[in-house]
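Following: one structure in structure tokens, then a few remarks.
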Amino acid sequence: MKNWVTRVSCRMEHEPLHPPISQKMHWQPGLSFRHFNYTTIMENIRCSGASLTRISRSPVLPVIQGSAVSVVKPSPPAFVGAPMENSKASSFIKGLAFLGVMRTAGAPFERVKLLMQNQNEMIISGRLPKRYNGIFDCFATTIRNEGILSLWRGNIAFVTASFSSEVIARAIHHYVNGREDIEWTHTRLQVAIFLSAVVNQFLVYPLNYAGTRMANDVITSSNSRERQFNGIFDVYRKTLKSDGIAGVYRGFNVMIPKIAVLRAVTAVSKPWQKFLLHHFQGIVLGRAVVNTFYASCRSMAIYPLDTVIRRMMMTSGAVKYRHSLHAITCIFYNEGVKSFYSGAKAQILALAVYQVYGLCLRYVVGALRRKNTGDK
């Protein structure tokens with residue numbers, strides 16, 4: 001017993017008294033940063049990139065040896081018997097595949113949302129003759145003029161941005177997790193997560209820009225087949241030629257308050273969401289309704305800022321707004337508050353569809369696992 005206590009005391013002399021970042025931080029994918037819990041990758045889709053954290057406090061056990069007191073920090077349960085690196089890589093790849101399937105399945109709703117969100121800007125630029133009369137009219141008009149496959153226009157850029165965001169978030173997570181020389185207080189932890197979200201979005205912003213410009217590149221009639229852009233690289237080529245690198249990042253300054261608002265709303269709503277999910281434990285439909293409701297609330301809280309970002313993206317090549325505040329002022333006085341929420345119904349519908357797709361995929365995966373277990 002004495003030897004065991006001596007070994008523990010020696011061990012603690014060379015360890016920091018504060019727990020490592022891995023014990024404090026629980027990353028989830030997205031804007032989030034949005035961060036790595038691959039089994040809950042749907043959270044990153046529902047929150048549009050937002051990062052969530054969970055702080056776990058491990059108990060500390062004092063060991064008394066004479067007049068000296070040592071502190072024993074037991075390993076957190078999540079890290080006991082951790083899987084091999086290849087298992088982690090396999091889980092990460094599966095998470096990316098799941099994310100790609102979900103983004104691709106919801107791409108038609110994403111494009112309709114972007115078309116309705118930016119229709120006033122396209123009318124001003126002459127790319128669209130008149131406003132859409134709702135979600136279904138937008139669907140019908142797009143399919144009639146461009147074909148059903150056009151609903152996935154820009155999806156490659158958005159999926160690539162999602163994949164890149166996950167890889168960047170994982171790299172940031174490993175870097176911060178390895179900095180055990182830093183005492184990660186709650187404040188430092190929140191600042192680190194916020195800054196990582198900003199860095200992540202800065203790196204993937206050009207892909208989101210290209211996806212937005214391609215999704216809003218419409219054909220106004222079945223007789224006119226001319227498009228403004230012929231692909232992602234054509235978007236970059238024309239933007240860099242007219243505006244330079246600033247054109248690719250137009251509207252990014254609004255992304256910073258968008259991340260801050262999303263994190264604040266998430267921090268306030270998450271406890272209530274967890275309470276209701278616990279109440280509906282075992283009720284699949286009830287949990288899906290709760291998740292959709294809270295995802296919609298968070299999305300609507302940042303939707304006006306998202307509208308400003310998309311509208312400023314649309315002005316690259318033909319600059320109309322001097323800065324973000326000028327854009328907000330012009331939209332407010334010329335179009336009214338309602339314009340900030342154009343396409344919001346399509347966004348809510350997309351969130352509901354993501355929930356349905358997620359339930360279906362989980363059911364299929366569960367059925368396949370049960371079948372494989374039965375065969376064995």
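Letters for chains follow the order of the structure tokens (A, B, ...), residue numbers begin at 1 for each chain, and ligand numbers begin at 1 in the order shown.
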Write down as a ChimeraX atom specification the residues belonging to stretch 148-219 of chain A that are assigned helix (DSSP H, G or I) by DSSP computed on the backbone. /A:148-152,155-178,186-215
List the neighbours of A:Thr315 out to 10 Å using only C-alpha atoms; skip same-chain residues closer than 3 positions along the sequence, and give me the result as a short mmCIF file (atom, residue, chain, number, x, y, z; two decimals) with N, CA and C atoms, in the first residue's frame.
data_model
loop_
_atom_site.label_atom_id
_atom_site.label_comp_id
_atom_site.auth_asym_id
_atom_site.auth_seq_id
_atom_site.Cartn_x
_atom_site.Cartn_y
_atom_site.Cartn_z
N GLU A 121 -32.41 40.97 -54.45
CA GLU A 121 -31.11 41.36 -54.99
C GLU A 121 -30.99 40.96 -56.45
N MET A 122 -31.54 39.79 -56.81
CA MET A 122 -31.48 39.34 -58.20
C MET A 122 -32.40 40.18 -59.09
N SER A 125 -30.51 43.37 -59.82
CA SER A 125 -29.42 43.16 -60.78
C SER A 125 -29.93 42.74 -62.16
N ARG A 213 -23.35 31.82 -54.93
CA ARG A 213 -23.46 32.43 -56.26
C ARG A 213 -24.00 31.45 -57.29
N GLY A 247 -13.68 40.44 -52.97
CA GLY A 247 -14.99 40.02 -53.46
C GLY A 247 -15.39 38.66 -52.96
N ARG A 250 -16.62 39.10 -49.31
CA ARG A 250 -17.58 40.16 -49.04
C ARG A 250 -18.68 39.66 -48.11
N GLY A 251 -18.90 40.39 -47.03
CA GLY A 251 -19.90 39.99 -46.04
C GLY A 251 -19.36 39.19 -44.88
N ARG A 310 -25.63 36.88 -47.26
CA ARG A 310 -25.93 36.38 -48.61
C ARG A 310 -26.14 37.53 -49.58
N ARG A 311 -26.82 38.57 -49.14
CA ARG A 311 -27.07 39.71 -50.04
C ARG A 311 -25.77 40.41 -50.41
N MET A 312 -24.84 40.50 -49.46
CA MET A 312 -23.55 41.12 -49.77
C MET A 312 -22.72 40.22 -50.68
N ALA A 318 -20.52 43.66 -58.82
CA ALA A 318 -21.31 44.88 -59.10
C ALA A 318 -21.63 45.50 -57.76
N VAL A 319 -20.61 46.07 -57.13
CA VAL A 319 -20.71 46.50 -55.73
C VAL A 319 -21.80 47.56 -55.56
N LYS A 320 -22.69 47.28 -54.64
CA LYS A 320 -23.79 48.21 -54.36
C LYS A 320 -23.68 48.76 -52.95
N TYR A 321 -23.28 47.90 -51.99
CA TYR A 321 -23.19 48.30 -50.59
C TYR A 321 -21.75 48.67 -50.24
#
May I have the residues within 8 Å of A:Gly106 as a list in words, using only C-alpha atoms and disregarding those fewer than 3 positions away in the same chain? Met102, Arg103, Phe109, Glu110, Ala350, Val353 and Tyr354 of chain A
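In this comparison, which uses only C-alpha atoms, the residue of A:Leu128, A:Val284, A:Leu361, A:Ile256 approaching A:Thr220 most closely is A:Leu128.
Across the structure, atom CA of A:Lys238 and atom CA of A:Gly147 are spaced 25.3 Å apart.
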Option closest in space to A:Thr239, from A:Asn177, A:Asn208, A:Ser316, A:Asn291 [counting only C-alpha atoms]: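 Of A:Asn177, A:Asn208, A:Ser316, A:Asn291, the one nearest A:Thr239, counting only C-alpha atoms, is A:Ser316.
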Considering only C-alpha atoms, return as a list of chain:residue names whatever protein or nucleic-acid residues lie within 7 Å of stretch 257-262 of chain A, sequence-local ones (same chain, fewer than 2 positions apart) excluded.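 Counting only C-alpha atoms, the residues come to A:Ala50, A:Val254, A:Met255, A:Ala264, A:Val265, A:Thr266, A:Arg298, A:Ile302, A:Leu305.
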Could you give me, as a ChimeraX atom specification, each residue of stretch 62-286 of chain A that DSSP assigns to strand (DSSP E) when run on this structure's backbone? /A:62-65,68-72
Go ahead and compute the interatomic distance for atom CA of A:Asp217 and atom CA of A:Val198, in Å to one decimal.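 Pair atom CA of A:Asp217 / atom CA of A:Val198 returns 27.7 Å.
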Excluding A:Asn133 and any residue of its chain fewer than 3 positions from it, enumerate the residues within 12 Å of it, using only C-alpha atoms, and give them as a ChimeraX atom specification. /A:115-116,119,130,136-141,342-343
